[in-house]
Amino acid sequence: MIVLGKKEIEELVNLESMMNQIEEAYRIFGAGDFFMPPRPTVEHENKTMMYMPCYTKEVIGTKILSIFPENAKLGLPSIDGIVLLNDYTTGAPAAVLDGQSVTAYRTGAVGGVAIRHLSGKDCHTVGIVGAGTQGFHLALYACAAREIHTVYVYNHGSRDLTEYLMRLEKAIDNPGVKVVQCKTVEELVKNSEIICTATPSTEPVLPNDKNSLEGKCIVAIGSYTPQMREIPDVIWDLVDHVYIELPYACEESGDLSQPLSEGRLTKERTVLMNELLVSGGPGEEIAGKTTYFKSVGMGLFDVCIAQKLLEEAKER
């Protein structure tokens with residue numbers, strides 16, 4: 001059995017390859033070549049454990065994920081866990097991977113694929129709301145998906161972001177890209193053509209202002225329970241559709257379940273990303289339009305990314 005820790009995964013990752021693998025996961029999802037039961041979630045005293053099993057035709061994967069928001073006070077990541085891969089034929093354990101790294105690179109890749117297909121090719125600025133692990137990797141993939149020259153970062157709270165911004169700039173590793181901290185979310189929205197949100201907020205983190213969000217590509221990652229919310233109601237006056245990964249997202253995320261229950265959104269306005277990719281994407285018609293992708297993630301992504309990392313490890 002192969003064990004891949006954080007360091008090994010960082011050395012194996014190729015951002016373009018990871019985004020291509022997410023698109024392959026969408027193909028598998030569309031073809032129905034997988035078995036992915038609802039993921040059990042156990043929560044106690046604001047400590048959440050999620051169990052995400054998934055079978056493909058080639059491998060079985062299970063991610064055991066811990067989500068502890070209070071870790072931020074300890075200077076620790078709020079998301080951690082492991083991914084276990086089993087041989088499809090025998091069930092024998094094939095690999096154990098650092099779940100924090102798989103989650104970060106997989107979630108960033110999902111956002112990157114959305115940016116690939118829902119933002120204009122001439123977009124050069126991205127704003128990251130939420131200076132955590134997920135926001136960090138969304139910035140990396142945004143720079144891989146588009147020719148970004150400025151990354152704007154805003155974080156609620158008073159945490160000193162100096163070290164975070166330096167690490168991000170080093171990880172992007174492109175002298176043509178600047179990383180800039182914004183004092184307000186309004187400043188970030190004004191300057192960013194692409195906006196990514198990655199927070200645990202229960203209230204919208206973007207301004208409820210139609211003019212400020214018009215023409216933006218919005219990628220929302222943070223809301224993973226019905227109580228959590230990042231995107232304001234005005235979004236429904238700006239977009240024709242919201243792009244999602246799977247129908248269950250409409251129940252799981254407050255960014256979808258709340259407007260659905262209030263009648264601001266109908267399920268007819270939700271579009272699965274695999275359907276968008278099959279159709280070839282919106283093409284040039286997205287120019288100047290507001291686009292919105294809401295991610296809640298799924299075990300199929302983790303299995304496909306972990307399988308790709310295992311293949312890379314074996315080749316090396």
# chains A, B, ... in the order shown; residues from 1 in each chain; ligands from 1
$ residues_around --residues "A:Gln227" --least-positions-apart "3" --cutoff "8 Å" --atoms "only C-alpha atoms" --output "JSON, numbers by chain"
{"A": [202, 253, 254]}
$ select_by_dssp --residues "stretch 12-50 of chain A" --states "strand (DSSP E)" --output "PyMOL selection string"
chain A and resi 34-35+41-44+47-50
$ write_last_selection --atoms "C-alpha atoms" --output "PDB file, in the first residue's frame"
ATOM      1  CA  PHE A  34     -20.080   5.198 -10.686  1.00  0.00           C
ATOM      2  CA  PHE A  35     -21.842   4.396  -7.420  1.00  0.00           C
ATOM      3  CA  THR A  41     -22.442  13.566   8.072  1.00  0.00           C
ATOM      4  CA  VAL A  42     -22.078  13.465  11.838  1.00  0.00           C
ATOM      5  CA  GLU A  43     -21.993  16.752  13.731  1.00  0.00           C
ATOM      6  CA  HIS A  44     -21.485  17.354  17.441  1.00  0.00           C
ATOM      7  CA  LYS A  47     -17.326  19.362  15.008  1.00  0.00           C
ATOM      8  CA  THR A  48     -18.307  17.683  11.748  1.00  0.00           C
ATOM      9  CA  MET A  49     -17.170  14.341  10.343  1.00  0.00           C
ATOM     10  CA  MET A  50     -18.110  13.488   6.759  1.00  0.00           C
TER      11      MET A  50
END
$ select_by_dssp --residues "stretch 54-227 of chain A" --states "alpha helix (DSSP H)" --output "tab-separated table (two decimals) with N, CA and C atoms, in the first residue's frame"
chain	number	residue	atom	x	y	z
A	99	GLY	N	-5.86	13.69	3.26
A	99	GLY	CA	-7.16	14.19	2.82
A	99	GLY	C	-7.22	15.69	2.70
A	100	GLN	N	-6.46	16.39	3.54
A	100	GLN	CA	-6.44	17.85	3.47
A	100	GLN	C	-5.92	18.31	2.11
A	101	SER	N	-4.84	17.67	1.66
A	101	SER	CA	-4.24	18.05	0.38
A	101	SER	C	-5.13	17.67	-0.79
A	102	VAL	N	-5.69	16.45	-0.75
A	102	VAL	CA	-6.60	16.02	-1.82
A	102	VAL	C	-7.80	16.95	-1.91
A	103	THR	N	-8.37	17.30	-0.75
A	103	THR	CA	-9.53	18.20	-0.74
A	103	THR	C	-9.17	19.56	-1.30
A	104	ALA	N	-8.03	20.10	-0.89
A	104	ALA	CA	-7.63	21.43	-1.33
A	104	ALA	C	-7.39	21.47	-2.84
A	105	TYR	N	-6.64	20.50	-3.36
A	105	TYR	CA	-6.33	20.51	-4.79
A	105	TYR	C	-7.55	20.13	-5.63
A	106	ARG	N	-8.40	19.25	-5.10
A	106	ARG	CA	-9.60	18.86	-5.84
A	106	ARG	C	-10.60	20.01	-5.89
A	107	THR	N	-10.80	20.69	-4.74
A	107	THR	CA	-11.75	21.80	-4.70
A	107	THR	C	-11.26	22.95	-5.56
A	108	GLY	N	-9.97	23.23	-5.49
A	108	GLY	CA	-9.41	24.27	-6.35
A	108	GLY	C	-9.58	23.93	-7.82
A	109	ALA	N	-9.40	22.65	-8.16
A	109	ALA	CA	-9.53	22.22	-9.55
A	109	ALA	C	-10.98	22.35	-10.03
A	110	VAL	N	-11.94	22.06	-9.14
A	110	VAL	CA	-13.36	22.24	-9.49
A	110	VAL	C	-13.63	23.71	-9.80
A	111	GLY	N	-13.10	24.59	-8.96
A	111	GLY	CA	-13.24	26.02	-9.23
A	111	GLY	C	-12.54	26.42	-10.50
A	112	GLY	N	-11.37	25.84	-10.75
A	112	GLY	CA	-10.62	26.15	-11.97
A	112	GLY	C	-11.37	25.76	-13.22
A	113	VAL	N	-12.04	24.59	-13.18
A	113	VAL	CA	-12.83	24.15	-14.33
A	113	VAL	C	-14.00	25.11	-14.57
A	114	ALA	N	-14.63	25.57	-13.49
A	114	ALA	CA	-15.70	26.55	-13.63
A	114	ALA	C	-15.19	27.83	-14.26
A	115	ILE	N	-14.01	28.27	-13.84
A	115	ILE	CA	-13.41	29.48	-14.42
A	115	ILE	C	-13.07	29.27	-15.88
A	116	ARG	N	-12.58	28.08	-16.22
A	116	ARG	CA	-12.28	27.73	-17.61
A	116	ARG	C	-13.49	27.97	-18.52
A	117	HIS	N	-14.67	27.60	-18.04
A	117	HIS	CA	-15.85	27.55	-18.90
A	117	HIS	C	-16.86	28.66	-18.67
A	118	LEU	N	-16.75	29.38	-17.55
A	118	LEU	CA	-17.77	30.38	-17.23
A	118	LEU	C	-17.23	31.79	-17.12
A	133	THR	N	-7.33	27.72	3.39
A	133	THR	CA	-6.72	26.75	2.48
A	133	THR	C	-7.45	26.70	1.14
A	134	GLN	N	-8.79	26.69	1.18
A	134	GLN	CA	-9.55	26.60	-0.06
A	134	GLN	C	-9.35	27.85	-0.91
A	135	GLY	N	-9.37	29.02	-0.28
A	135	GLY	CA	-9.14	30.26	-1.02
A	135	GLY	C	-7.77	30.29	-1.67
A	136	PHE	N	-6.78	29.79	-0.94
A	136	PHE	CA	-5.40	29.72	-1.43
A	136	PHE	C	-5.34	28.93	-2.73
A	137	HIS	N	-5.97	27.75	-2.74
A	137	HIS	CA	-5.89	26.88	-3.92
A	137	HIS	C	-6.80	27.37	-5.05
A	138	LEU	N	-7.90	28.02	-4.72
A	138	LEU	CA	-8.71	28.64	-5.77
A	138	LEU	C	-7.90	29.69	-6.53
A	139	ALA	N	-7.08	30.43	-5.81
A	139	ALA	CA	-6.22	31.43	-6.45
A	139	ALA	C	-5.22	30.77	-7.39
A	140	LEU	N	-4.62	29.66	-6.94
A	140	LEU	CA	-3.66	28.95	-7.79
A	140	LEU	C	-4.30	28.50	-9.09
A	141	TYR	N	-5.48	27.90	-8.99
A	141	TYR	CA	-6.15	27.37	-10.18
A	141	TYR	C	-6.68	28.49	-11.07
A	142	ALA	N	-7.10	29.58	-10.48
A	142	ALA	CA	-7.54	30.72	-11.30
A	142	ALA	C	-6.39	31.20	-12.18
A	143	CYS	N	-5.19	31.22	-11.60
A	143	CYS	CA	-4.02	31.66	-12.36
A	143	CYS	C	-3.62	30.64	-13.42
A	144	ALA	N	-3.99	29.38	-13.22
A	144	ALA	CA	-3.72	28.35	-14.22
A	144	ALA	C	-4.76	28.36	-15.33
A	145	ALA	N	-5.99	28.75	-14.98
A	145	ALA	CA	-7.09	28.73	-15.96
A	145	ALA	C	-7.13	29.98	-16.82
A	162	THR	N	-0.11	38.89	6.17
A	162	THR	CA	1.19	39.12	5.53
A	162	THR	C	1.84	37.81	5.09
A	163	GLU	N	1.92	36.85	6.01
A	163	GLU	CA	2.57	35.58	5.69
A	163	GLU	C	1.76	34.80	4.65
A	164	TYR	N	0.44	34.85	4.75
A	164	TYR	CA	-0.45	34.16	3.81
A	164	TYR	C	-0.25	34.70	2.40
A	165	LEU	N	-0.21	36.02	2.26
A	165	LEU	CA	-0.04	36.63	0.95
A	165	LEU	C	1.33	36.30	0.35
A	166	MET	N	2.35	36.25	1.18
A	166	MET	CA	3.69	35.91	0.71
A	166	MET	C	3.73	34.46	0.22
A	167	ARG	N	3.10	33.56	0.98
A	167	ARG	CA	3.06	32.15	0.57
A	167	ARG	C	2.31	31.99	-0.74
A	168	LEU	N	1.21	32.72	-0.89
A	168	LEU	CA	0.42	32.62	-2.11
A	168	LEU	C	1.20	33.12	-3.31
A	169	GLU	N	1.87	34.24	-3.16
A	169	GLU	CA	2.66	34.78	-4.26
A	169	GLU	C	3.78	33.82	-4.65
A	170	LYS	N	4.40	33.19	-3.64
A	170	LYS	CA	5.47	32.22	-3.91
A	170	LYS	C	4.91	30.99	-4.63
A	171	ALA	N	3.73	30.53	-4.20
A	171	ALA	CA	3.13	29.34	-4.81
A	171	ALA	C	2.70	29.60	-6.25
A	172	ILE	N	2.19	30.80	-6.53
A	172	ILE	CA	1.80	31.15	-7.90
A	172	ILE	C	3.03	31.16	-8.80
A	185	VAL	N	-14.66	44.12	1.24
A	185	VAL	CA	-15.12	43.22	0.18
A	185	VAL	C	-15.61	44.02	-1.02
A	186	GLU	N	-16.11	45.23	-0.77
A	186	GLU	CA	-16.55	46.09	-1.87
A	186	GLU	C	-15.38	46.46	-2.77
A	187	GLU	N	-14.22	46.71	-2.18
A	187	GLU	CA	-13.02	47.00	-2.97
A	187	GLU	C	-12.63	45.80	-3.82
A	188	LEU	N	-12.70	44.61	-3.23
A	188	LEU	CA	-12.37	43.39	-3.98
A	188	LEU	C	-13.32	43.19	-5.15
A	189	VAL	N	-14.61	43.33	-4.91
A	189	VAL	CA	-15.61	43.11	-5.96
A	189	VAL	C	-15.42	44.11	-7.10
A	190	LYS	N	-15.16	45.34	-6.76
A	190	LYS	CA	-14.98	46.38	-7.77
A	190	LYS	C	-13.82	46.06	-8.70
A	191	ASN	N	-12.73	45.50	-8.17
A	191	ASN	CA	-11.51	45.29	-8.94
A	191	ASN	C	-11.40	43.92	-9.60
A	210	LYS	N	-26.67	44.99	-7.24
A	210	LYS	CA	-26.72	44.50	-8.62
A	210	LYS	C	-25.61	45.07	-9.48
A	211	ASN	N	-25.36	46.36	-9.36
A	211	ASN	CA	-24.37	47.00	-10.22
A	211	ASN	C	-22.96	46.49	-9.96
A	212	SER	N	-22.65	46.20	-8.70
A	212	SER	CA	-21.27	45.78	-8.38
A	212	SER	C	-20.98	44.35	-8.84
A	213	LEU	N	-22.01	43.50	-8.93
A	213	LEU	CA	-21.80	42.11	-9.32
A	213	LEU	C	-22.06	41.85	-10.80
$ residues_around --residues "A:Val59" --least-positions-apart "5" --cutoff "12 Å" --atoms "only C-alpha atoms" --output "ChimeraX atom specification"
/A:33-35,53-54,84-95,300,302-308,310-311
$ closest_residue --among "A:Leu76, A:Phe29, A:Val271, A:Ile67" --to "A:Tyr55" --atoms "only C-alpha atoms"
A:Phe29
$ atom_distance --atom1 "atom CA of A:Thr290" --atom2 "atom CA of A:Gly263"
20.4 Å
$ atom_distance --atom1 "atom CA of A:Val296" --atom2 "atom CA of A:Lys6"
22.8 Å
$ closest_residue --among "A:Lys289, A:His241, A:His149, A:Arg269" --to "A:Val126" --atoms "only C-alpha atoms"
A:His149
$ atom_distance --atom1 "atom CA of A:Glu230" --atom2 "atom CA of A:Met18"
25.8 Å
$ residues_around --residues "A:Gly157" --least-positions-apart "5" --cutoff "12 Å" --atoms "only C-alpha atoms" --output "ChimeraX atom specification"
/A:72-73,129-131,183-185,199,201
$ residues_around --residues "A:Met228" --least-positions-apart "2" --cutoff "10 Å" --atoms "only C-alpha atoms" --output "PDB file with N, CA and C atoms, in the first residue's frame"
ATOM      1  N   THR A 199     -15.706  30.649   2.353  1.00  0.00           N
ATOM      2  CA  THR A 199     -15.859  30.998   3.768  1.00  0.00           C
ATOM      3  C   THR A 199     -16.882  30.082   4.429  1.00  0.00           C
ATOM      4  N   PRO A 200     -16.889  30.023   5.769  1.00  0.00           N
ATOM      5  CA  PRO A 200     -17.907  29.257   6.495  1.00  0.00           C
ATOM      6  C   PRO A 200     -19.079  30.134   6.928  1.00  0.00           C
ATOM      7  N   SER A 201     -19.328  31.217   6.214  1.00  0.00           N
ATOM      8  CA  SER A 201     -20.301  32.217   6.640  1.00  0.00           C
ATOM      9  C   SER A 201     -21.743  31.698   6.588  1.00  0.00           C
ATOM     10  N   THR A 202     -22.565  32.221   7.495  1.00  0.00           N
ATOM     11  CA  THR A 202     -24.007  31.950   7.460  1.00  0.00           C
ATOM     12  C   THR A 202     -24.777  33.148   6.910  1.00  0.00           C
ATOM     13  N   GLU A 203     -24.062  34.196   6.538  1.00  0.00           N
ATOM     14  CA  GLU A 203     -24.648  35.390   5.924  1.00  0.00           C
ATOM     15  C   GLU A 203     -23.892  35.693   4.638  1.00  0.00           C
ATOM     16  N   PRO A 204     -24.564  36.258   3.616  1.00  0.00           N
ATOM     17  CA  PRO A 204     -23.860  36.581   2.368  1.00  0.00           C
ATOM     18  C   PRO A 204     -22.613  37.416   2.611  1.00  0.00           C
ATOM     19  N   GLY A 222     -17.869  27.847  -0.363  1.00  0.00           N
ATOM     20  CA  GLY A 222     -17.902  27.660   1.079  1.00  0.00           C
ATOM     21  C   GLY A 222     -19.116  26.994   1.675  1.00  0.00           C
ATOM     22  N   SER A 223     -20.320  27.280   1.203  1.00  0.00           N
ATOM     23  CA  SER A 223     -21.540  26.812   1.859  1.00  0.00           C
ATOM     24  C   SER A 223     -21.766  25.320   1.617  1.00  0.00           C
ATOM     25  N   TYR A 224     -21.734  24.537   2.703  1.00  0.00           N
ATOM     26  CA  TYR A 224     -21.924  23.088   2.564  1.00  0.00           C
ATOM     27  C   TYR A 224     -23.009  22.563   3.508  1.00  0.00           C
ATOM     28  N   THR A 225     -23.755  23.474   4.167  1.00  0.00           N
ATOM     29  CA  THR A 225     -24.921  23.075   4.968  1.00  0.00           C
ATOM     30  C   THR A 225     -26.063  24.026   4.626  1.00  0.00           C
ATOM     31  N   PRO A 226     -27.310  23.637   4.928  1.00  0.00           N
ATOM     32  CA  PRO A 226     -28.450  24.510   4.628  1.00  0.00           C
ATOM     33  C   PRO A 226     -28.414  25.835   5.380  1.00  0.00           C
ATOM     34  N   GLU A 230     -23.258  32.353   1.269  1.00  0.00           N
ATOM     35  CA  GLU A 230     -22.214  33.287   0.848  1.00  0.00           C
ATOM     36  C   GLU A 230     -22.710  34.308  -0.181  1.00  0.00           C
ATOM     37  N   ILE A 231     -23.702  33.927  -0.983  1.00  0.00           N
ATOM     38  CA  ILE A 231     -24.104  34.723  -2.135  1.00  0.00           C
ATOM     39  C   ILE A 231     -25.417  35.461  -1.857  1.00  0.00           C
ATOM     40  N   GLU A 252     -28.311  20.554   0.083  1.00  0.00           N
ATOM     41  CA  GLU A 252     -27.208  20.644   1.035  1.00  0.00           C
ATOM     42  C   GLU A 252     -26.768  22.076   1.322  1.00  0.00           C
ATOM     43  N   SER A 253     -26.739  22.929   0.310  1.00  0.00           N
ATOM     44  CA  SER A 253     -26.174  24.265   0.477  1.00  0.00           C
ATOM     45  C   SER A 253     -27.255  25.322   0.666  1.00  0.00           C
ATOM     46  N   GLY A 254     -27.059  26.172   1.667  1.00  0.00           N
ATOM     47  CA  GLY A 254     -27.983  27.277   1.889  1.00  0.00           C
ATOM     48  C   GLY A 254     -28.012  28.262   0.746  1.00  0.00           C
ATOM     49  N   ASP A 255     -26.927  28.322  -0.040  1.00  0.00           N
ATOM     50  CA  ASP A 255     -26.901  29.209  -1.206  1.00  0.00           C
ATOM     51  C   ASP A 255     -27.902  28.773  -2.271  1.00  0.00           C
ATOM     52  N   LEU A 256     -28.378  27.529  -2.171  1.00  0.00           N
ATOM     53  CA  LEU A 256     -29.383  27.025  -3.104  1.00  0.00           C
ATOM     54  C   LEU A 256     -30.701  26.710  -2.395  1.00  0.00           C
ATOM     55  N   SER A 257     -30.634  26.037  -1.255  1.00  0.00           N
ATOM     56  CA  SER A 257     -31.861  25.614  -0.570  1.00  0.00           C
ATOM     57  C   SER A 257     -32.671  26.807  -0.071  1.00  0.00           C
ATOM     58  N   GLN A 258     -32.000  27.846   0.409  1.00  0.00           N
ATOM     59  CA  GLN A 258     -32.739  29.003   0.924  1.00  0.00           C
ATOM     60  C   GLN A 258     -33.491  29.749  -0.181  1.00  0.00           C
TER      61      GLN A 258
END
$ residues_around --residues "stretch 178-180 of chain A" --least-positions-apart "2" --cutoff "6 Å" --atoms "only C-alpha atoms" --output "PyMOL selection string"
chain A and resi 150-152
$ write_last_selection --atoms "N, CA and C atoms" --output "PDB file, in the first residue's frame"
ATOM      1  N   THR A 150      -3.543  40.080 -11.420  1.00  0.00           N
ATOM      2  CA  THR A 150      -3.704  40.527 -10.034  1.00  0.00           C
ATOM      3  C   THR A 150      -4.681  39.617  -9.292  1.00  0.00           C
ATOM      4  N   VAL A 151      -4.250  39.135  -8.126  1.00  0.00           N
ATOM      5  CA  VAL A 151      -5.111  38.373  -7.223  1.00  0.00           C
ATOM      6  C   VAL A 151      -5.437  39.264  -6.034  1.00  0.00           C
ATOM      7  N   TYR A 152      -6.711  39.545  -5.836  1.00  0.00           N
ATOM      8  CA  TYR A 152      -7.155  40.349  -4.694  1.00  0.00           C
ATOM      9  C   TYR A 152      -7.655  39.405  -3.607  1.00  0.00           C
TER      10      TYR A 152
END
